[in-house]
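**Q** The structure's right below; bear with me while I get my questions together.
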Amino acid sequence: MTKHLTALIPLVARVTDASADRIGPDTRFEGLGSWGSLAAMRLLASVEREFRIRMDLRRYVALATVGDLAGEIADRQLAGSGR
Amino acid sequence: MSGDELLERVRVCRAGGGADPGLLRELAAHADPGLVGEAGRRLADVPARDVLGAEPRGLRVAVAGSFTCDDVVPLLRVALLAMGIDPVLHLCRSAEVDLELADARSELAAFAPDVTLVLREAADLLPADWDPADLAGLRDRALDRAHDLVASAAAFADRSGSAVLVHTVPLPALELRTVITYRGAASLGRIWREVNTVLLDAGVDVDGLYALDLEAQLVDAAGPVRHEGRHRFGRYGWAPYVERAYAREAATFCSAVLGMGRKLLALDLDGTLWGGVLGDDGVEGVELGRLYPGNCYADTQRRARSLRRQGVLLAVASKNDRAVVDDAFARHPEMVLRPDDFVAVLADWQPKGANLVGLAAELNLATSSFVLADDSPAECSLVRRLHPEIAVEELHGDPAEHALRLLESGHFTQLAPTSTDAGRTRLYRDRGRRSRLAQRLPEREDYLRDLEIRVRCGPTGTFEVPRLAQLARRTNQFTTTGVPHDESRTRWMAESDDHLVLAVEVWDRVGSEGVVAGAWIQRRPAVWLLENLVMSCRVMARGVEHTLVQQIVEHAVAAGASTLRADFVATGRNGPAAGLYPGLGFVPVSVDGTRTVYELDLAHAAGLPSSTPDWITLDTLEQSR
């Protein structure tokens with residue numbers, strides 16, 4: 001999870017043009033400057049590319065914080081590796 | 001270089017840290033479309049010359065897509081800047097491409113683009129309810145649609161003088177898999193090629209219209225054309241790598257429109273036109289011929305000859321002894337290029353850049369119309385550094401890939417052959433199948449009437465609450481306050497006697513758009529307060545919002561209210577909604593920062609004509625609560 005968070009934060013920073021050192025697990029997407037559905041879709045694409053996973057969109061759109069997303073990514077990767 | 005380092009260089013440029021001519025080249029070559037897009041987004045507010053360090057060519061480029069293509073725009077910006085073009089980019093907010101093209105008063109027309117990029121997806125050509133058991137019917141409808149698309153694009157090109165780029169449309173796997181028989185799938189495949197052929201035909205010789213064979217380009221790309229999740233969630237027509245591929249091709253098109261296609265290809269010899277070192281290996285010893293790797297070099301020569309046959313000048317730029325070089329061209333039996341293929345043979349020990357500058361002066365050409373193809377990284381980097389205007393194609397590594405690398409950047413792209421038939425284009429005249437749109441000067445109202453729009457506007461039912469709350473949450477552009485009511489609040493208001501939540505459903509001749517607009521209203525005896533109004537951008541520019549407000553007015557008048565009050569809060573992104581209330585006769589009564597409170601005097605409004613446009617039919621079917 002920490003590993004995922006470390007890799008995720010720069011992606012969130014890129015999409016929202018926020019500074020990476022101001023993003024942590026408790027950061028809420030809604031509170032980030034340019035967050036919106038377009039930014040959410042861009043983040044989705046970069047997460048799927050970076051972590052080589054396919055997200056379940058129903059779960060993705062319900063995630064509120066960066067930490068939630070890191071956790072979801074970890075779950076997806078475990079599921080993908082055939083746990 | 002890592003993505004974040006590139007973004008840091010973008011940040012430095014934005015902060016006025018000086019030009020960085022190599023930055024755009026690196027971005028244009030970067031593998032991650034997401035990263036390139038973020039860079040392009042950040043570059044939007046930097047003057048191009050501050051990044052490039054050279055005076056760019058300006059160009060007004062419009063993107064009109066029938067699907068969500070916001071992410072194409074920054075990719076396009078990077079690709080254009082990398083080519084030395086400073087674009088003013090306009091993204092049509094409405095997905096009604098035909099309307100944007102047809103309406104002389106559309107935002108697109110007002111933008112007056114030099115280049116108009118028209119982006120389509122399969123749904124524009126395939127009816128949603130196509131019947132795999134009636135492929136003949138499908139063929140008729142799809143071909144009609146294709147002719148309509150061409151007609152509206154051609155009419156726009158004709159009227160505006162803009163160069164319009166259409167593209168062939170890939171058929172999503174899902175559609176092809178919907179047919180279960182081999183014969184049926186073959187028929188569908190053939191129909192689809194016919195449809196794309198209509199688009200390509202237009203690109204061959206219709207005045208002002210050009211076609212990009214995107215479907216063929218994507219054969220080489222790995223992965224599905226669209227991401228099903230993004231498509232269904234936000235109507236994204238293309239996966240990011242397709243957006244990237246399109247942006248590159250579209251940028252090349254723009255450079256061709258500007259006549260920036262390069263005119264001369266300077267070729268190195270050793271390691272470029274043949275393998276090995278002529279001076280050391282001798283004419284007999286160089287690799288050139290039918291077997292690998294000699295066949296790769298022979299192919300590079302053939303491709304160069306193909307360029308020459310299309311009007312590109314060839315020159316040799318090599319560090320070699322002239323006599324040895326002449327001997328090789330004269331004697332080697334597998335040599336494809338011959339001395340008279342070259343306008344100049346610069347084989348000496350002078351710096352290549354200086355040689356090319358001399359050649360340019362001699363030919364009265366600018367070095368910015370030159371391309372150098374060379375296998376030596378040192379030569380390449382030297383020329384890049386001293387003569388950044390010369391495009392350098394570094395042909396290192398496996399020679400099997402050299403020929404493709406030389407051609408895929410599109411350096412030499414022109415709009416049409418330079419031969420005599422180049423100027424002979426036709427106006428689009430289709431044998432009787434032409435759409436009404438193109439038969440006379442199209443009017444927006446005619447188009448909208450053709451759509452046969454029906455609107456149902458009623459109190460929100462239980463099943464519509466989640467969709468309406470979702471719509472409110474997702475809408476950033478057409479929202480009057482930017483503050484969405486969540487699902488529980490919406491449900492509570494829908495069930496409360498002191499409130500009214502209206503849901504708007506829209507149909508057109510193609511099918512239902514579903515719930516696409518809504519309004520949250522507080523009703524007090526004398527004053528009704530419109531707390532928020534949202535509408536999906538999918539139905540923008542159809543007058544749906546006016547219909548909705550008209551309905552609210554009628555409800556309020558019927559309930560005996562005297563005033564309809566409405567809040568508008570500017571969010572920075574909801575510009576499209578800013579004109580709604582003033583346009584309907586609401587008067588601002590107070591302004592507080594970004595918030596404006598409007599009021600409409602209902603006694604007065606009741607006497608006015610309906611603001612529901614006449615092309616909209618109201619569906620009065622009452623929704624049961």
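We label chains A, B, ... in the order they appear in the structure tokens, count residues from 1 in each chain, and number ligands from 1 in the order shown.
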Tell me, as a ChimeraX atom specification, which residues lie within 12 Å of Ala315 in chain B, counting only C-alpha atoms; anything in the same chain fewer than 6 positions away does not count.
**A** /B:263-269,273,304-305,307-308,337-347,352,355-356,359-360,363,370-373
**Q** Any idea what's packed within 8 Å of Glu487 in chain B, counting only C-alpha atoms, ignoring anything in its chain fewer than 5 positions away? Could you give it as a list in words?
**A**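 Listing them by chain and then by number gives Val465, Pro466, Leu468, Ala469 and Gln470 of chain B.
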**Q** Only residues of chain A matter here; which ones have an atom within 9 Å of chain B, counting only C-alpha atoms? Give them as a count of residues only.
**A** 19
**Q** Leaving out Leu117 in chain B and any residue of its chain fewer than 4 positions from it, which residues lie within 9 Å of it when counting only C-alpha atoms, given as number ranges by chain?
**A** B: 61-65, 163-167, 250
**Q** Kindly export the residues of the current selection with all heavy atoms, as a short mmCIF file (atom, residue, chain, number, x, y, z; two decimals), in the first residue's frame.
**A**
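So the final result, stored in selection.cif, reads:
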data_model
loop_
_atom_site.label_atom_id
_atom_site.label_comp_id
_atom_site.auth_asym_id
_atom_site.auth_seq_id
_atom_site.Cartn_x
_atom_site.Cartn_y
_atom_site.Cartn_z
N VAL B 61 -6.81 26.43 -35.02
CA VAL B 61 -7.19 25.03 -35.21
C VAL B 61 -8.41 24.72 -34.34
O VAL B 61 -8.38 24.92 -33.12
CB VAL B 61 -6.04 24.07 -34.82
CG1 VAL B 61 -6.44 22.62 -35.06
CG2 VAL B 61 -4.78 24.42 -35.60
N ALA B 62 -9.47 24.24 -34.96
CA ALA B 62 -10.67 23.87 -34.21
C ALA B 62 -10.79 22.35 -34.15
O ALA B 62 -10.48 21.66 -35.11
CB ALA B 62 -11.91 24.45 -34.88
N VAL B 63 -11.23 21.87 -32.99
CA VAL B 63 -11.48 20.45 -32.80
C VAL B 63 -12.97 20.28 -32.58
O VAL B 63 -13.51 20.78 -31.60
CB VAL B 63 -10.68 19.90 -31.61
CG1 VAL B 63 -10.99 18.43 -31.39
CG2 VAL B 63 -9.19 20.11 -31.81
N ALA B 64 -13.64 19.61 -33.51
CA ALA B 64 -15.08 19.37 -33.39
C ALA B 64 -15.30 17.88 -33.35
O ALA B 64 -15.15 17.19 -34.35
CB ALA B 64 -15.82 19.99 -34.57
N GLY B 65 -15.62 17.37 -32.16
CA GLY B 65 -15.79 15.93 -32.00
C GLY B 65 -17.18 15.58 -31.55
O GLY B 65 -17.82 16.34 -30.84
N ALA B 163 -9.57 24.51 -44.02
CA ALA B 163 -9.24 23.14 -44.43
C ALA B 163 -9.84 22.20 -43.39
O ALA B 163 -9.65 22.40 -42.19
CB ALA B 163 -7.74 22.95 -44.51
N VAL B 164 -10.61 21.22 -43.84
CA VAL B 164 -11.30 20.32 -42.91
C VAL B 164 -10.71 18.92 -43.04
O VAL B 164 -10.56 18.41 -44.15
CB VAL B 164 -12.81 20.29 -43.21
CG1 VAL B 164 -13.52 19.33 -42.25
CG2 VAL B 164 -13.41 21.69 -43.09
N LEU B 165 -10.37 18.34 -41.89
CA LEU B 165 -9.83 16.99 -41.89
C LEU B 165 -10.84 16.02 -41.28
O LEU B 165 -11.21 16.16 -40.11
CB LEU B 165 -8.52 16.93 -41.09
CG LEU B 165 -7.80 15.57 -41.10
CD1 LEU B 165 -7.26 15.25 -42.48
CD2 LEU B 165 -6.68 15.53 -40.06
N VAL B 166 -11.31 15.09 -42.08
CA VAL B 166 -12.14 14.01 -41.55
C VAL B 166 -11.25 12.77 -41.46
O VAL B 166 -10.12 12.78 -41.91
CB VAL B 166 -13.39 13.74 -42.43
CG1 VAL B 166 -14.27 14.96 -42.48
CG2 VAL B 166 -12.98 13.32 -43.84
N HIS B 167 -11.77 11.71 -40.89
CA HIS B 167 -10.93 10.51 -40.79
C HIS B 167 -11.80 9.27 -40.91
O HIS B 167 -13.00 9.32 -40.63
CB HIS B 167 -10.17 10.49 -39.46
CG HIS B 167 -11.08 10.45 -38.26
ND1 HIS B 167 -11.63 9.29 -37.77
CD2 HIS B 167 -11.56 11.44 -37.46
CE1 HIS B 167 -12.38 9.56 -36.72
NE2 HIS B 167 -12.37 10.87 -36.52
N ALA B 250 -2.77 14.78 -37.03
CA ALA B 250 -3.46 16.05 -37.26
C ALA B 250 -2.46 17.21 -37.30
O ALA B 250 -2.61 18.15 -38.08
CB ALA B 250 -4.51 16.28 -36.18
#
**Q** Using only C-alpha atoms, pick whichever of A:Val66, A:Pro25, A:Glu50, A:Ile73 has the shortest atom-to-atom distance to His4 in chain A.
**A** A:Ile73
**Q** Show which residues sit within 12 Å of Thr6 in chain A, as a CSV table (one decimal) with N, CA and C atoms, in the first residue's frame. Count only C-alpha atoms, and ignore same-chain residues fewer than 6 positions away.
**A**
chain,number,residue,atom,x,y,z
A,12,VAL,N,-1.2,11.8,-9.3
A,12,VAL,CA,-2.3,12.7,-8.9
A,12,VAL,C,-1.8,14.1,-9.0
A,13,ALA,N,-0.5,14.4,-8.7
A,13,ALA,CA,0.0,15.7,-8.8
A,13,ALA,C,0.0,16.2,-10.2
A,20,ALA,N,3.3,17.7,-5.3
A,20,ALA,CA,3.2,16.4,-4.8
A,20,ALA,C,3.4,16.3,-3.3
A,21,ASP,N,4.2,17.3,-2.7
A,21,ASP,CA,4.5,17.2,-1.3
A,21,ASP,C,3.3,17.7,-0.5
A,23,ILE,N,0.3,16.3,-1.1
A,23,ILE,CA,-0.7,15.2,-1.3
A,23,ILE,C,-0.3,14.0,-0.4
A,24,GLY,N,-1.2,13.6,0.3
A,24,GLY,CA,-1.0,12.4,1.2
A,24,GLY,C,-2.2,11.5,1.1
A,25,PRO,N,-2.1,10.4,1.9
A,25,PRO,CA,-3.2,9.4,1.9
A,25,PRO,C,-4.6,10.0,2.2
A,66,VAL,N,-6.9,9.9,-1.8
A,66,VAL,CA,-5.7,9.3,-2.5
A,66,VAL,C,-5.4,7.9,-1.9
A,67,GLY,N,-5.5,7.9,-0.5
A,67,GLY,CA,-5.2,6.6,0.2
A,67,GLY,C,-6.2,5.5,-0.2
A,69,LEU,N,-7.6,5.2,-3.1
A,69,LEU,CA,-7.2,4.8,-4.4
A,69,LEU,C,-6.0,3.9,-4.4
A,70,ALA,N,-5.0,4.2,-3.5
A,70,ALA,CA,-3.8,3.4,-3.4
A,70,ALA,C,-4.2,2.0,-2.9
A,71,GLY,N,-5.2,1.9,-2.0
A,71,GLY,CA,-5.6,0.6,-1.5
A,71,GLY,C,-6.3,-0.2,-2.6
**Q** Extract, using only C-alpha atoms, all DNA, RNA and protein residues at most 12 Å from Asp220 in chain B, discarding same-chain residues fewer than 3 positions from it, and format them as a VMD selection string.
**A** chain B and resid 214 to 217 223 to 225 241 to 242 245 408
**Q** For the structure I just gave you, how does DSSP split range 438-576 of chain B - specifically, which residues are helix (DSSP H, G or I)? Reply as an NGL selection string.
**A** :B and (438-439 or 444-451 or 462-474 or 487-495 or 537-539 or 544-558 or 575-576)
**Q** Okay, now the selection with N, CA and C atoms, as a compact mmCIF listing (two decimals), in the first residue's frame?
**A**
# COMPACT_ATOMS: atom_id res chain seq x y z
N ALA B 438 -26.93 19.99 -46.97
CA ALA B 438 -25.97 20.55 -47.90
C ALA B 438 -26.62 21.10 -49.15
N GLN B 439 -27.91 20.84 -49.33
CA GLN B 439 -28.55 21.25 -50.58
C GLN B 439 -28.75 22.75 -50.67
N ARG B 444 -29.41 26.60 -38.64
CA ARG B 444 -29.40 25.85 -37.40
C ARG B 444 -30.79 25.28 -37.08
N GLU B 445 -31.81 26.12 -37.28
CA GLU B 445 -33.17 25.67 -36.95
C GLU B 445 -33.59 24.47 -37.80
N ASP B 446 -33.18 24.48 -39.07
CA ASP B 446 -33.54 23.36 -39.94
C ASP B 446 -32.92 22.08 -39.42
N TYR B 447 -31.67 22.22 -39.04
CA TYR B 447 -30.97 21.05 -38.52
C TYR B 447 -31.69 20.54 -37.27
N LEU B 448 -32.04 21.48 -36.39
CA LEU B 448 -32.67 21.07 -35.14
C LEU B 448 -34.05 20.46 -35.41
N ARG B 449 -34.76 21.00 -36.40
CA ARG B 449 -36.06 20.42 -36.73
C ARG B 449 -35.88 18.99 -37.24
N ASP B 450 -34.82 18.82 -38.04
CA ASP B 450 -34.51 17.48 -38.55
C ASP B 450 -34.28 16.47 -37.44
N LEU B 451 -33.79 16.97 -36.33
CA LEU B 451 -33.48 16.05 -35.23
C LEU B 451 -34.73 15.49 -34.56
N THR B 462 -38.85 8.32 -8.38
CA THR B 462 -37.90 7.60 -7.53
C THR B 462 -36.72 7.04 -8.32
N PHE B 463 -37.00 6.51 -9.49
CA PHE B 463 -35.94 5.86 -10.25
C PHE B 463 -34.98 6.85 -10.91
N GLU B 464 -35.43 8.08 -11.00
CA GLU B 464 -34.59 9.07 -11.67
C GLU B 464 -33.66 9.80 -10.71
N VAL B 465 -33.94 9.66 -9.40
CA VAL B 465 -33.16 10.41 -8.42
C VAL B 465 -31.66 10.12 -8.53
N PRO B 466 -31.25 8.85 -8.54
CA PRO B 466 -29.80 8.60 -8.60
C PRO B 466 -29.16 9.18 -9.86
N ARG B 467 -29.84 9.04 -11.00
CA ARG B 467 -29.28 9.54 -12.25
C ARG B 467 -29.16 11.06 -12.22
N LEU B 468 -30.19 11.69 -11.64
CA LEU B 468 -30.17 13.15 -11.59
C LEU B 468 -29.05 13.65 -10.68
N ALA B 469 -28.88 12.97 -9.53
CA ALA B 469 -27.81 13.37 -8.61
C ALA B 469 -26.46 13.16 -9.27
N GLN B 470 -26.35 12.08 -10.01
CA GLN B 470 -25.10 11.80 -10.72
C GLN B 470 -24.81 12.88 -11.77
N LEU B 471 -25.86 13.24 -12.48
CA LEU B 471 -25.72 14.28 -13.51
C LEU B 471 -25.23 15.59 -12.87
N ALA B 472 -25.83 15.92 -11.71
CA ALA B 472 -25.46 17.16 -11.02
C ALA B 472 -23.99 17.11 -10.61
N ARG B 473 -23.57 15.94 -10.13
CA ARG B 473 -22.20 15.80 -9.65
C ARG B 473 -21.21 15.93 -10.80
N ARG B 474 -21.57 15.40 -11.95
CA ARG B 474 -20.62 15.35 -13.05
C ARG B 474 -20.60 16.60 -13.92
N GLU B 487 -27.62 12.83 -3.65
CA GLU B 487 -28.76 11.95 -3.89
C GLU B 487 -29.81 12.04 -2.79
N SER B 488 -29.35 12.07 -1.52
CA SER B 488 -30.35 12.06 -0.44
C SER B 488 -31.12 13.39 -0.40
N ARG B 489 -30.39 14.48 -0.65
CA ARG B 489 -31.06 15.78 -0.68
C ARG B 489 -32.06 15.84 -1.85
N THR B 490 -31.63 15.31 -2.98
CA THR B 490 -32.51 15.30 -4.14
C THR B 490 -33.78 14.49 -3.86
N ARG B 491 -33.57 13.32 -3.22
CA ARG B 491 -34.72 12.47 -2.91
C ARG B 491 -35.67 13.18 -1.94
N TRP B 492 -35.04 13.82 -0.92
CA TRP B 492 -35.85 14.52 0.08
C TRP B 492 -36.65 15.65 -0.58
N MET B 493 -35.99 16.40 -1.44
CA MET B 493 -36.67 17.51 -2.11
C MET B 493 -37.77 17.01 -3.04
N ALA B 494 -37.49 15.89 -3.71
CA ALA B 494 -38.47 15.35 -4.66
C ALA B 494 -39.74 14.93 -3.94
N GLU B 495 -39.58 14.52 -2.67
CA GLU B 495 -40.74 14.03 -1.92
C GLU B 495 -41.39 15.12 -1.09
N CYS B 537 -23.60 18.49 -21.31
CA CYS B 537 -23.14 19.19 -22.51
C CYS B 537 -23.50 18.41 -23.78
N ARG B 538 -23.97 17.17 -23.62
CA ARG B 538 -24.38 16.41 -24.80
C ARG B 538 -25.55 17.05 -25.52
N VAL B 539 -26.37 17.81 -24.79
CA VAL B 539 -27.54 18.41 -25.44
C VAL B 539 -27.44 19.93 -25.48
N VAL B 544 -32.79 23.02 -24.90
CA VAL B 544 -33.41 22.23 -23.84
C VAL B 544 -33.51 23.04 -22.55
N GLU B 545 -32.48 23.85 -22.28
CA GLU B 545 -32.48 24.63 -21.04
C GLU B 545 -33.61 25.67 -21.04
N HIS B 546 -33.90 26.23 -22.22
CA HIS B 546 -34.99 27.20 -22.30
C HIS B 546 -36.33 26.53 -22.06
N THR B 547 -36.44 25.31 -22.58
CA THR B 547 -37.66 24.54 -22.37
C THR B 547 -37.87 24.26 -20.89
N LEU B 548 -36.77 23.92 -20.22
CA LEU B 548 -36.85 23.61 -18.79
C LEU B 548 -37.28 24.84 -17.99
N VAL B 549 -36.66 25.98 -18.26
CA VAL B 549 -37.02 27.18 -17.51
C VAL B 549 -38.48 27.56 -17.80
N GLN B 550 -38.89 27.42 -19.06
CA GLN B 550 -40.28 27.70 -19.41
C GLN B 550 -41.25 26.83 -18.59
N GLN B 551 -40.89 25.58 -18.43
CA GLN B 551 -41.72 24.67 -17.64
C GLN B 551 -41.80 25.12 -16.19
N ILE B 552 -40.66 25.55 -15.65
CA ILE B 552 -40.64 26.02 -14.27
C ILE B 552 -41.55 27.25 -14.13
N VAL B 553 -41.42 28.15 -15.11
CA VAL B 553 -42.25 29.35 -15.09
C VAL B 553 -43.73 28.97 -15.09
N GLU B 554 -44.08 28.03 -15.95
CA GLU B 554 -45.50 27.65 -16.03
C GLU B 554 -46.00 27.01 -14.75
N HIS B 555 -45.15 26.13 -14.15
CA HIS B 555 -45.51 25.54 -12.86
C HIS B 555 -45.71 26.62 -11.81
N ALA B 556 -44.78 27.58 -11.77
CA ALA B 556 -44.83 28.62 -10.74
C ALA B 556 -46.05 29.51 -10.91
N VAL B 557 -46.33 29.86 -12.16
CA VAL B 557 -47.49 30.70 -12.44
C VAL B 557 -48.76 29.96 -12.02
N ALA B 558 -48.83 28.68 -12.37
CA ALA B 558 -50.01 27.89 -12.03
C ALA B 558 -50.19 27.79 -10.52
N GLY B 575 -19.08 28.91 -17.66
CA GLY B 575 -19.39 29.98 -18.61
C GLY B 575 -20.59 29.70 -19.50
N PRO B 576 -20.73 28.45 -20.00
CA PRO B 576 -21.85 28.18 -20.89
C PRO B 576 -23.22 28.46 -20.27
**Q** Here is a test: counting only C-alpha atoms, which residue of B:Asn295, B:Ser152, B:Asn196, B:Thr116 is nearest to Cys92 in chain B?
**A**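 Closest residue, counting only C-alpha atoms: B:Thr116.
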**Q** Please provide as an MDAnalysis selection string all residues within 10 Å of Asp68 in chain A, with the sequence filter that same-chain residues fewer than 2 positions apart are discarded (counting only C-alpha atoms).
**A** chainID A and resid 1 5 25:28 60 62:66 70:74
**Q** State, in Å with one decimal place, the distance from CA of Gly397 in chain B to CA of Gln301 in chain B.
**A**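 The value is 17.0 Å.
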**Q** Write out as a short mmCIF file (atom, residue, chain, number, x, y, z; two decimals) with N, CA and C atoms, in the first residue's frame all residues of range 294-510 of chain B that backbone DSSP assigns to strand (DSSP E or B).
**A**
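Produced file part-v4.cif, reproduced below:
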data_model
loop_
_atom_site.label_atom_id
_atom_site.label_comp_id
_atom_site.auth_asym_id
_atom_site.auth_seq_id
_atom_site.Cartn_x
_atom_site.Cartn_y
_atom_site.Cartn_z
N LEU B 313 13.52 17.00 -53.00
CA LEU B 313 14.89 17.01 -53.51
C LEU B 313 15.77 16.14 -52.63
N LEU B 314 16.69 15.41 -53.25
CA LEU B 314 17.63 14.59 -52.48
C LEU B 314 19.03 15.17 -52.61
N ALA B 315 19.80 15.04 -51.52
CA ALA B 315 21.19 15.46 -51.56
C ALA B 315 21.99 14.46 -50.73
N VAL B 316 23.28 14.33 -51.05
CA VAL B 316 24.16 13.52 -50.22
C VAL B 316 24.90 14.46 -49.28
N ALA B 317 24.95 14.10 -48.00
CA ALA B 317 25.74 14.87 -47.03
C ALA B 317 26.57 13.86 -46.25
N SER B 318 27.81 13.68 -46.68
CA SER B 318 28.62 12.60 -46.13
C SER B 318 30.06 13.03 -45.95
N LYS B 319 30.66 12.52 -44.88
CA LYS B 319 32.10 12.74 -44.72
C LYS B 319 32.80 11.62 -45.46
N PHE B 342 20.19 13.05 -57.30
CA PHE B 342 20.58 14.05 -56.29
C PHE B 342 20.74 15.43 -56.91
N VAL B 343 20.26 16.45 -56.17
CA VAL B 343 20.53 17.81 -56.64
C VAL B 343 21.95 18.21 -56.30
N ALA B 344 22.53 17.56 -55.30
CA ALA B 344 23.90 17.89 -54.91
C ALA B 344 24.52 16.71 -54.18
N VAL B 345 25.80 16.47 -54.40
CA VAL B 345 26.52 15.46 -53.63
C VAL B 345 27.58 16.19 -52.82
N LEU B 346 27.29 16.31 -51.51
CA LEU B 346 28.23 17.00 -50.63
C LEU B 346 29.04 15.93 -49.90
N ALA B 347 30.06 15.44 -50.55
CA ALA B 347 30.92 14.42 -49.95
C ALA B 347 32.30 15.03 -49.79
N ASP B 348 32.56 15.49 -48.59
CA ASP B 348 33.86 16.09 -48.29
C ASP B 348 34.07 16.00 -46.79
N PHE B 370 14.77 21.59 -44.72
CA PHE B 370 15.69 20.46 -44.90
C PHE B 370 15.47 19.39 -43.83
N VAL B 371 15.70 18.15 -44.23
CA VAL B 371 15.76 17.03 -43.29
C VAL B 371 17.11 16.37 -43.50
N LEU B 372 17.79 16.05 -42.41
CA LEU B 372 19.02 15.28 -42.51
C LEU B 372 18.78 13.89 -41.93
N ALA B 373 19.10 12.86 -42.70
CA ALA B 373 19.02 11.49 -42.18
C ALA B 373 20.44 10.97 -42.05
N ASP B 374 20.78 10.58 -40.84
CA ASP B 374 22.17 10.21 -40.56
C ASP B 374 22.20 9.18 -39.43
N ALA B 391 15.43 19.52 -39.56
CA ALA B 391 14.90 18.33 -38.91
C ALA B 391 15.93 17.21 -39.08
N VAL B 392 16.21 16.53 -37.98
CA VAL B 392 17.23 15.48 -38.03
C VAL B 392 16.58 14.14 -37.71
N GLU B 393 16.73 13.18 -38.59
CA GLU B 393 16.22 11.83 -38.35
C GLU B 393 17.43 10.94 -38.09
N GLU B 394 17.53 10.49 -36.85
CA GLU B 394 18.71 9.71 -36.48
C GLU B 394 18.45 8.24 -36.80
N ARG B 426 -13.18 19.00 -56.61
CA ARG B 426 -14.58 19.15 -56.97
C ARG B 426 -15.35 19.59 -55.73
N ILE B 453 -36.61 16.64 -32.03
CA ILE B 453 -36.33 16.58 -30.59
C ILE B 453 -37.62 16.58 -29.78
N ARG B 454 -37.71 15.62 -28.87
CA ARG B 454 -38.84 15.60 -27.94
C ARG B 454 -38.28 15.71 -26.53
N VAL B 455 -38.97 16.47 -25.70
CA VAL B 455 -38.51 16.69 -24.35
C VAL B 455 -39.62 16.35 -23.37
N ARG B 456 -39.28 15.56 -22.36
CA ARG B 456 -40.22 15.36 -21.28
C ARG B 456 -39.63 16.00 -20.03
N CYS B 457 -40.43 16.82 -19.41
CA CYS B 457 -39.95 17.57 -18.27
C CYS B 457 -40.94 17.38 -17.15
N GLY B 458 -40.61 16.62 -16.12
CA GLY B 458 -41.59 16.37 -15.08
C GLY B 458 -40.93 16.21 -13.72
N PRO B 459 -41.78 16.13 -12.68
CA PRO B 459 -41.25 15.92 -11.35
C PRO B 459 -40.43 14.63 -11.32
N THR B 479 -23.93 24.37 -15.36
CA THR B 479 -24.50 24.32 -14.02
C THR B 479 -24.59 25.77 -13.55
N HIS B 499 -40.95 21.66 -2.22
CA HIS B 499 -39.88 21.69 -3.21
C HIS B 499 -40.35 21.00 -4.47
N LEU B 500 -39.58 21.23 -5.51
CA LEU B 500 -39.87 20.58 -6.78
C LEU B 500 -38.53 20.25 -7.42
N VAL B 501 -38.38 19.00 -7.84
CA VAL B 501 -37.17 18.63 -8.59
C VAL B 501 -37.64 18.16 -9.96
N LEU B 502 -37.23 18.88 -10.98
CA LEU B 502 -37.65 18.51 -12.33
C LEU B 502 -36.52 17.75 -13.02
N ALA B 503 -36.90 16.67 -13.67
CA ALA B 503 -35.94 15.91 -14.47
C ALA B 503 -36.34 16.04 -15.93
N VAL B 504 -35.36 16.22 -16.78
CA VAL B 504 -35.64 16.42 -18.20
C VAL B 504 -35.04 15.27 -19.00
N GLU B 505 -35.91 14.64 -19.76
CA GLU B 505 -35.45 13.56 -20.61
C GLU B 505 -35.60 14.02 -22.06
N VAL B 506 -34.62 13.65 -22.88
CA VAL B 506 -34.63 14.11 -24.27
C VAL B 506 -34.51 12.93 -25.23
N TRP B 507 -35.33 12.96 -26.26
CA TRP B 507 -35.22 12.00 -27.35
C TRP B 507 -34.95 12.76 -28.65
N ASP B 508 -34.29 12.12 -29.58
CA ASP B 508 -34.30 12.66 -30.93
C ASP B 508 -34.51 11.49 -31.88
#
**Q** Please report the interatomic distance between CA of Thr272 in chain B and CA of Ser368 in chain B in Å with one decimal.
**A**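 We find that CA of Thr272 in chain B and CA of Ser368 in chain B lie 21.6 Å from each other.
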